[in-house]
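Next up, entry15.cif (mmCIF, C-alpha atoms):
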data_structure
loop_
_atom_site.label_atom_id
_atom_site.label_comp_id
_atom_site.auth_asym_id
_atom_site.auth_seq_id
_atom_site.Cartn_x
_atom_site.Cartn_y
_atom_site.Cartn_z
CA MET A 51 147.56 127.37 126.68
CA ALA A 52 146.95 123.70 127.40
CA ALA A 53 143.83 124.58 129.39
CA LEU A 54 142.55 126.72 126.54
CA LEU A 55 143.12 123.95 124.00
CA LEU A 56 141.33 121.50 126.29
CA LEU A 57 138.40 123.90 126.62
CA LEU A 58 138.22 124.37 122.86
CA GLY A 59 138.30 120.62 122.38
CA VAL A 60 135.44 120.12 124.83
CA VAL A 61 133.37 122.86 123.14
CA ALA A 62 134.02 121.33 119.71
CA ALA A 63 132.96 117.90 120.97
CA ILE A 64 129.74 119.34 122.41
CA MET A 65 129.02 121.08 119.09
CA VAL A 66 129.48 117.85 117.13
CA VAL A 67 127.25 115.89 119.54
CA SER A 68 124.59 118.62 119.29
CA ALA A 69 124.72 118.44 115.49
CA PHE A 70 123.76 114.76 115.54
CA LYS A 71 120.99 114.86 118.12
CA LYS A 72 117.62 113.39 117.15
CA ASN A 73 114.81 115.59 118.39
CA ILE A 74 111.16 115.41 117.39
CA ILE A 75 109.15 118.40 118.53
CA ALA A 76 105.43 117.71 118.86
CA GLU A 77 103.18 120.74 118.74
CA GLU A 78 99.62 121.72 117.92
CA ILE A 79 98.73 124.48 115.46
CA SER A 80 95.26 126.00 115.64
CA LEU A 81 93.77 127.27 112.40
CA GLY A 82 90.40 128.98 112.25
CA SER A 83 89.81 128.06 108.61
CA LEU A 84 90.77 124.41 109.01
CA PRO A 85 88.03 122.07 107.76
CA ALA A 86 86.50 120.02 110.57
CA ALA A 87 87.57 116.79 108.86
CA PHE A 88 91.23 117.85 109.26
CA ASP A 89 91.00 118.46 112.99
CA GLY A 90 93.76 116.22 114.39
CA TYR A 91 95.56 115.91 111.04
CA ARG A 92 99.24 115.16 111.77
CA ILE A 93 102.18 116.26 109.63
CA LEU A 94 105.76 115.08 110.00
CA PHE A 95 107.73 118.15 108.92
CA ILE A 96 111.45 117.71 108.14
CA THR A 97 113.74 120.20 106.46
CA ASP A 98 117.45 120.67 105.78
CA ILE A 99 118.53 117.05 106.01
CA HIS A 100 121.71 117.69 104.00
CA ARG A 101 124.10 114.77 104.62
CA ARG A 102 122.35 113.20 107.58
CA ARG A 103 120.76 109.79 107.62
CA LEU A 104 117.22 109.87 108.97
CA PRO A 105 116.88 107.71 112.11
CA LYS A 106 114.81 104.64 111.29
CA LYS A 107 114.33 103.65 114.94
CA LEU A 108 112.94 107.10 115.73
CA LEU A 109 110.67 107.39 112.69
CA ASP A 110 109.34 103.85 112.28
CA PRO A 111 106.96 104.20 115.26
CA LEU A 112 105.27 107.08 113.40
CA HIS A 113 103.90 104.71 110.78
CA GLY A 114 100.12 105.04 110.89
CA LYS A 115 100.38 107.93 113.36
CA VAL A 116 101.04 110.75 110.85
CA ASP A 117 98.86 111.60 107.88
CA ALA A 118 101.50 113.22 105.69
CA VAL A 119 105.20 114.01 105.51
CA PHE A 120 106.27 117.49 104.37
CA LEU A 121 109.92 117.92 103.31
CA GLY A 122 111.08 121.53 103.24
CA GLY A 123 114.08 121.34 100.94
CA ASP A 124 117.83 120.71 101.17
CA LEU A 125 117.12 117.00 101.21
CA THR A 126 120.70 116.44 100.10
CA GLU A 127 123.72 118.45 99.02
CA LYS A 128 126.63 118.30 96.61
CA GLY A 129 128.97 115.46 97.54
CA SER A 130 126.52 113.68 99.82
CA PRO A 131 126.22 109.91 99.14
CA ILE A 132 123.31 109.49 96.76
CA ASN A 133 122.30 106.21 98.43
CA ARG A 134 121.63 108.19 101.60
CA LEU A 135 118.97 110.19 99.78
CA VAL A 136 117.53 106.94 98.41
CA ASP A 137 117.34 105.47 101.92
CA ASN A 138 115.93 108.64 103.47
CA MET A 139 113.20 108.96 100.87
CA ALA A 140 112.27 105.28 101.18
CA LEU A 141 111.97 105.68 104.95
CA VAL A 142 109.68 108.71 104.92
CA ALA A 143 107.61 107.26 102.05
CA SER A 144 106.94 104.20 104.20
CA LEU A 145 105.28 106.39 106.85
CA ALA A 146 102.68 108.40 104.91
CA PRO A 147 102.23 110.32 101.63
CA VAL A 148 105.20 112.64 101.08
CA TYR A 149 105.22 116.18 99.66
CA ALA A 150 108.51 117.96 99.04
CA VAL A 151 110.03 121.18 97.71
CA HIS A 152 113.55 122.01 96.57
CA GLY A 153 116.10 123.91 98.63
CA ASN A 154 119.17 125.76 97.39
CA HIS A 155 121.50 122.83 98.13
CA ASP A 156 119.35 120.42 96.15
CA TYR A 157 120.07 122.50 93.05
CA ARG A 158 123.81 122.37 93.74
CA ALA A 159 123.70 118.58 93.60
CA ASN A 160 122.84 116.51 90.51
CA ILE A 161 119.29 117.83 90.41
CA SER A 162 118.05 115.47 87.69
CA LEU A 163 119.18 112.47 89.72
CA VAL A 164 117.85 114.01 92.93
CA ASP A 165 114.43 114.58 91.38
CA ASN A 166 114.31 111.05 89.98
CA ILE A 167 114.97 109.65 93.44
CA ILE A 168 112.36 111.87 95.10
CA ARG A 169 109.69 111.02 92.56
CA GLY A 170 110.79 107.38 92.40
CA SER A 171 110.06 107.03 96.10
CA GLY A 172 106.44 107.94 95.40
CA ALA A 173 106.76 111.45 96.83
CA SER A 174 105.07 114.44 95.20
CA LEU A 175 107.66 117.08 94.28
CA LEU A 176 105.86 120.43 94.23
CA ILE A 177 107.44 122.93 91.84
CA ASP A 178 105.41 126.13 92.17
CA GLU A 179 102.14 124.26 92.23
CA ASN A 180 99.11 123.48 94.35
CA ILE A 181 97.80 120.12 95.44
CA THR A 182 94.64 119.32 97.37
CA LEU A 183 94.74 116.96 100.33
CA GLU A 184 91.40 115.27 100.88
CA ARG A 185 89.83 113.88 104.03
CA GLY A 186 86.23 112.85 103.99
CA ASN A 187 84.39 115.35 101.80
CA GLU A 188 86.70 118.24 102.70
CA CYS A 189 90.09 119.38 101.43
CA LEU A 190 93.20 121.27 102.44
CA LEU A 191 95.25 123.21 99.89
CA LEU A 192 99.02 122.71 99.89
CA THR A 193 101.22 125.02 97.81
CA GLY A 194 104.86 124.18 97.15
CA VAL A 195 107.21 127.08 96.37
CA ASP A 196 110.29 126.10 94.38
CA PHE A 197 113.66 127.61 95.24
CA PRO A 198 114.87 129.78 92.32
CA LYS A 199 117.08 127.83 89.94
CA LYS A 200 118.81 130.96 88.63
CA GLY A 201 119.01 134.62 89.37
CA GLY A 202 119.28 134.53 93.14
CA LYS A 203 116.65 134.49 95.85
CA LYS A 204 114.64 137.36 94.33
CA ALA A 205 113.81 135.34 91.21
CA TYR A 206 110.95 133.34 92.71
CA ALA A 207 108.15 132.45 90.35
CA PRO A 208 104.72 133.96 91.08
CA LEU A 209 102.71 132.08 93.65
CA ALA A 210 100.65 129.34 92.06
CA PRO A 211 97.12 130.66 91.41
CA VAL A 212 94.20 129.13 93.26
CA PRO A 213 91.00 128.17 91.40
CA GLU A 214 87.98 130.22 92.41
CA SER A 215 86.34 127.08 93.80
CA LEU A 216 89.21 126.76 96.32
CA SER A 217 89.70 130.44 97.10
CA SER A 218 88.30 130.12 100.62
CA CYS A 219 90.10 126.85 101.34
CA CYS A 220 92.55 126.55 104.23
CA ARG A 221 96.00 126.87 102.64
CA ILE A 222 99.46 125.74 103.73
CA ILE A 223 102.53 127.03 101.89
CA LEU A 224 105.68 124.90 101.96
CA VAL A 225 108.80 126.94 101.10
CA HIS A 226 112.46 126.34 101.82
CA ASP A 227 113.65 129.86 102.63
CA PRO A 228 111.40 132.04 104.83
CA LEU A 229 112.94 135.13 103.21
CA TRP A 230 110.39 134.46 100.46
CA VAL A 231 107.68 136.05 102.61
CA SER A 232 109.48 139.43 102.59
CA GLN A 233 109.20 139.53 98.80
CA GLN A 234 105.44 138.93 98.59
CA PRO A 235 102.86 141.71 98.30
CA SER A 236 100.47 139.52 100.28
CA LEU A 237 100.51 136.18 102.05
CA PRO A 238 97.39 134.27 100.98
CA ALA A 239 97.88 131.40 103.40
CA ASP A 240 96.91 130.23 106.85
CA LEU A 241 100.20 128.47 107.64
CA ILE A 242 103.70 128.73 106.17
CA LEU A 243 106.32 126.04 106.82
CA ALA A 244 109.98 126.87 106.13
CA GLY A 245 113.55 126.02 107.08
CA HIS A 246 116.90 127.11 105.63
CA THR A 247 118.09 129.18 108.59
CA HIS A 248 119.24 126.26 110.79
CA GLY A 249 118.35 128.62 113.61
CA GLY A 250 121.78 130.16 113.07
CA GLN A 251 123.31 126.67 113.59
CA VAL A 252 126.16 128.00 115.73
CA VAL A 253 124.88 130.78 117.97
CA LEU A 254 127.65 132.08 120.21
CA PRO A 255 127.36 134.91 122.75
CA LEU A 256 128.29 138.34 121.37
CA ILE A 257 128.85 136.89 117.88
CA ARG A 258 126.40 137.51 115.08
CA GLN A 259 124.70 134.58 113.39
CA ARG A 260 125.91 133.38 110.01
CA HIS A 261 122.93 134.96 108.22
CA THR A 262 123.59 138.66 107.78
CA ASP A 263 120.30 139.66 106.16
CA LEU A 264 118.26 141.68 108.68
CA PHE A 265 115.23 139.52 107.93
CA TYR A 266 116.90 136.52 109.58
CA GLN A 267 117.70 138.55 112.67
CA GLN A 268 113.96 138.87 113.25
CA TYR A 269 112.77 135.57 111.75
CA ASN A 270 115.27 132.95 112.76
CA ALA A 271 113.54 129.84 114.15
CA GLY A 272 110.24 129.01 115.79
CA MET A 273 106.64 130.14 115.31
CA TYR A 274 105.77 133.63 114.10
CA ARG A 275 102.55 135.54 113.44
CA LEU A 276 102.48 137.63 110.28
CA GLU A 277 99.92 140.00 108.83
CA ARG A 278 98.28 138.60 105.73
CA GLN A 279 98.65 142.03 104.08
CA ASP A 280 95.28 142.08 102.40
CA SER A 281 91.90 143.58 103.19
CA SER A 282 91.09 140.77 105.64
CA GLY A 283 93.80 141.78 108.12
CA ALA A 284 93.99 138.12 109.14
CA ILE A 285 96.94 136.39 110.75
CA VAL A 286 99.29 133.97 109.00
CA GLN A 287 101.31 131.61 111.18
CA MET A 288 104.84 130.76 110.05
CA LEU A 289 106.98 127.97 111.48
CA ILE A 290 110.70 128.12 110.73
CA SER A 291 112.45 124.87 111.59
CA ARG A 292 116.07 124.67 112.68
CA GLY A 293 116.32 121.64 110.42
CA PHE A 294 117.70 118.19 110.97
CA GLY A 295 121.09 118.47 109.27
CA THR A 296 123.85 121.04 109.11
CA ALA A 297 125.36 123.21 106.39
CA HIS A 298 129.12 123.23 105.77
CA LEU A 299 130.38 121.79 109.08
CA PRO A 300 128.62 119.24 111.34
CA LEU A 301 128.51 121.65 114.28
CA ARG A 302 125.68 123.15 116.33
CA TRP A 303 125.56 125.39 119.38
CA SER A 304 122.40 126.78 121.01
CA SER A 305 120.44 125.69 117.95
CA PRO A 306 119.58 121.99 118.27
CA ALA A 307 118.69 119.79 115.30
CA GLU A 308 114.97 119.15 115.07
CA MET A 309 112.07 117.70 113.14
CA HIS A 310 108.41 118.24 113.91
CA VAL A 311 105.14 116.41 114.32
CA LEU A 312 102.48 119.07 113.79
CA THR A 313 98.88 118.39 114.80
CA LEU A 314 96.40 120.72 113.11
CA ARG A 315 93.48 121.83 115.24
CA LYS A 316 90.23 123.48 114.26
CA VAL A 317 89.32 126.52 116.35
CA GLN A 318 85.81 127.92 116.53
CA GLU A 319 86.87 131.55 116.24
CA PRO A 320 89.45 133.02 113.84
CA LEU A 321 92.78 134.15 115.24
CA GLU A 322 92.86 137.71 116.57
CA GLN A 323 93.41 140.22 113.81
CA PHE A 324 96.05 142.93 113.68
CA GLY A 325 95.00 146.38 114.80
#
Could you rewrite the structure in this file as structure tokens?
Amino acid sequence: MAALLLLLGVVAAIMVVSAFKKNIIAEEISLGSLPAAFDGYRILFITDIHRRRLPKKLLDPLHGKVDAVFLGGDLTEKGSPINRLVDNMALVASLAPVYAVHGNHDYRANISLVDNIIRGSGASLLIDENITLERGNECLLLTGVDFPKKGGKKAYAPLAPVPESLSSCCRIILVHDPLWVSQQPSLPADLILAGHTHGGQVVLPLIRQRHTDLFYQQYNAGMYRLERQDSSGAIVQMLISRGFGTAHLPLRWSSPAEMHVLTLRKVQEPLEQFG
């Protein structure tokens, strides 16, 4: 019994240490429709911060080295110190322009105060809307999908319409929960960035992950290729981050905390089509 308790204690300690690791994953994403001016455009993508404090020593060196910061929701949670959100937003806003969407835990906190802090930092809070990012004479379309305030996950608002003048523009969709894609008749985007899953957070052998929806069994964490589901037959890339914080308990196993520096690359030929 003593040996078992010791083993459990060691495992618990490893899970806590894993929950507070500070990993930045650098990766390139090739997009055929990316404007040439955005080749090399760098995005710091962070999602599911929850109660964690963003590491200043790790992020400060990114000043001037990233072009934008995308925050994928759950920037805080109910009961988290509000000053932590203030500090976190001030830190990311010091690096580059910030664009954020809500997650489910943001709405469980004092959402009016949360939104005031986000906007007060200078960040753009995208609530079912589009924004154009400009570089030179070219632009990139960013769409923020808001997490449903009421009515459950199936109550998403329609995707923000795109003006005809921007219909052929390279488009990135920022959404908290990747389950959103399963509810869309089509995916009019080139890249989707999401979080929410925590990669299962605690992934133990022979034990199912905490998400029971079959969608999450297939789309858990990492990069995926989806069919656009329109006449083009084109490919949509979707990155699901494991997130930086944890939900409920500060424990992780086989699903390390992460944030991302994404470098967009222009490719000469479009990605291979389905079929």
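The shortest atom-to-atom distance to Glu188 of chain A, with all atoms listed in the file taken into account, belongs to A:Leu216 out of A:Leu216, A:Val151, A:Leu109, A:Leu243.
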Asp196 of chain A: which residues within 7 Å, counting only C-alpha atoms, same-chain residues fewer than 5 positions away excluded, as a list in words?
Val151, His152, Ile177, Asp178 and Val225 of chain A
Provide the atom CA of Asn166 of chain A to atom CA of Tyr149 of chain A distance in Å, to one decimal place.
14.2 Å
Any chance you could resolve the PyMOL selection byres ((chain A and resi 248) around 8) against this file and give the residues as a ChimeraX atom specification?
/A:98,245-247,249-251,271,291-293,296,305,307
For atom CA of Glu127 of chain A and atom CA of Leu229 of chain A, determine how far apart the two atoms are, in Å to one decimal place.
20.3 Å
List every protein, DNA or RNA residue that has an atom no more than 10 Å from (95.8, 135.5, 103.6) in the file's coordinate frame, counting all atoms listed in the file, and report them as an mmCIF file with C-alpha atoms, in the coordinates of the input.
data_model
loop_
_atom_site.group_PDB
_atom_site.id
_atom_site.type_symbol
_atom_site.label_atom_id
_atom_site.label_comp_id
_atom_site.auth_asym_id
_atom_site.auth_seq_id
_atom_site.Cartn_x
_atom_site.Cartn_y
_atom_site.Cartn_z
ATOM 1 C CA SER A 218 88.300 130.120 100.620
ATOM 2 C CA CYS A 220 92.550 126.550 104.230
ATOM 3 C CA ARG A 221 96.000 126.870 102.640
ATOM 4 C CA SER A 236 100.470 139.520 100.280
ATOM 5 C CA LEU A 237 100.510 136.180 102.050
ATOM 6 C CA PRO A 238 97.390 134.270 100.980
ATOM 7 C CA ALA A 239 97.880 131.400 103.400
ATOM 8 C CA ASP A 240 96.910 130.230 106.850
ATOM 9 C CA LEU A 241 100.200 128.470 107.640
ATOM 10 C CA LEU A 276 102.480 137.630 110.280
ATOM 11 C CA GLU A 277 99.920 140.000 108.830
ATOM 12 C CA ARG A 278 98.280 138.600 105.730
ATOM 13 C CA GLN A 279 98.650 142.030 104.080
ATOM 14 C CA ASP A 280 95.280 142.080 102.400
ATOM 15 C CA SER A 281 91.900 143.580 103.190
ATOM 16 C CA SER A 282 91.090 140.770 105.640
ATOM 17 C CA GLY A 283 93.800 141.780 108.120
ATOM 18 C CA ALA A 284 93.990 138.120 109.140
ATOM 19 C CA ILE A 285 96.940 136.390 110.750
ATOM 20 C CA VAL A 286 99.290 133.970 109.000
#
Mind listing as an NGL selection string all residues within 12 Å of (117.9, 105.7, 107.6), counting only C-alpha atoms?
:A and (99 or 101-110 or 133-144)
Taking only C-alpha atoms into account, which of A:Gly295, A:Pro213, A:Pro131, A:Pro111 comes nearest Lys72 of chain A?
A:Gly295
Which residues, named as in the file, does the PyMOL selection byres ((chain A and resi 146) around 9) pick out? Answer as a PyMOL selection string.
chain A and resi 94+112-119+142-145+147-148
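Separating atom CA of Glu179 of chain A from atom CA of Phe265 of chain A is a distance of 25.5 Å.
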When the PyMOL selection byres ((chain A and resi 186) around 12) is applied to the file above, which residues end up in the set, as a short mmCIF file (atom, residue, chain, number, x, y, z; two decimals) with C-alpha atoms, keeping the file's coordinate frame?
data_model
loop_
_atom_site.label_atom_id
_atom_site.label_comp_id
_atom_site.auth_asym_id
_atom_site.auth_seq_id
_atom_site.Cartn_x
_atom_site.Cartn_y
_atom_site.Cartn_z
CA PRO A 85 88.03 122.07 107.76
CA ALA A 86 86.50 120.02 110.57
CA ALA A 87 87.57 116.79 108.86
CA PHE A 88 91.23 117.85 109.26
CA ASP A 89 91.00 118.46 112.99
CA LEU A 183 94.74 116.96 100.33
CA GLU A 184 91.40 115.27 100.88
CA ARG A 185 89.83 113.88 104.03
CA ASN A 187 84.39 115.35 101.80
CA GLU A 188 86.70 118.24 102.70
CA CYS A 189 90.09 119.38 101.43
CA LEU A 190 93.20 121.27 102.44
#
Which residue out of A:Ala159, A:Ala297, A:Ile290, A:Ile168 has the minimum interatomic distance to His226 of chain A when all atoms listed in the file are used?
A:Ile290
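Nearest-residue note for Leu121 of chain A: choosing from A:Ile74, A:Leu81, A:Ala173, A:Ile161, the minimum distance belongs to A:Ala173, counting all atoms listed in the file.
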Residue nearest Asp124 of chain A among A:Phe294, A:Lys316, A:Gly82, A:Ala210 (counting all atoms listed in the file)
A:Phe294
Taking every listed atom of segment 311-317 of chain A and adding 5 Å to each side, what centre and edge lengths in Å (one decimal) does the axis-aligned box have, as AutoDock Vina command-line options?
--center_x 97.2 --center_y 121.5 --center_z 114.7 --size_x 25.8 --size_y 20.1 --size_z 13.2
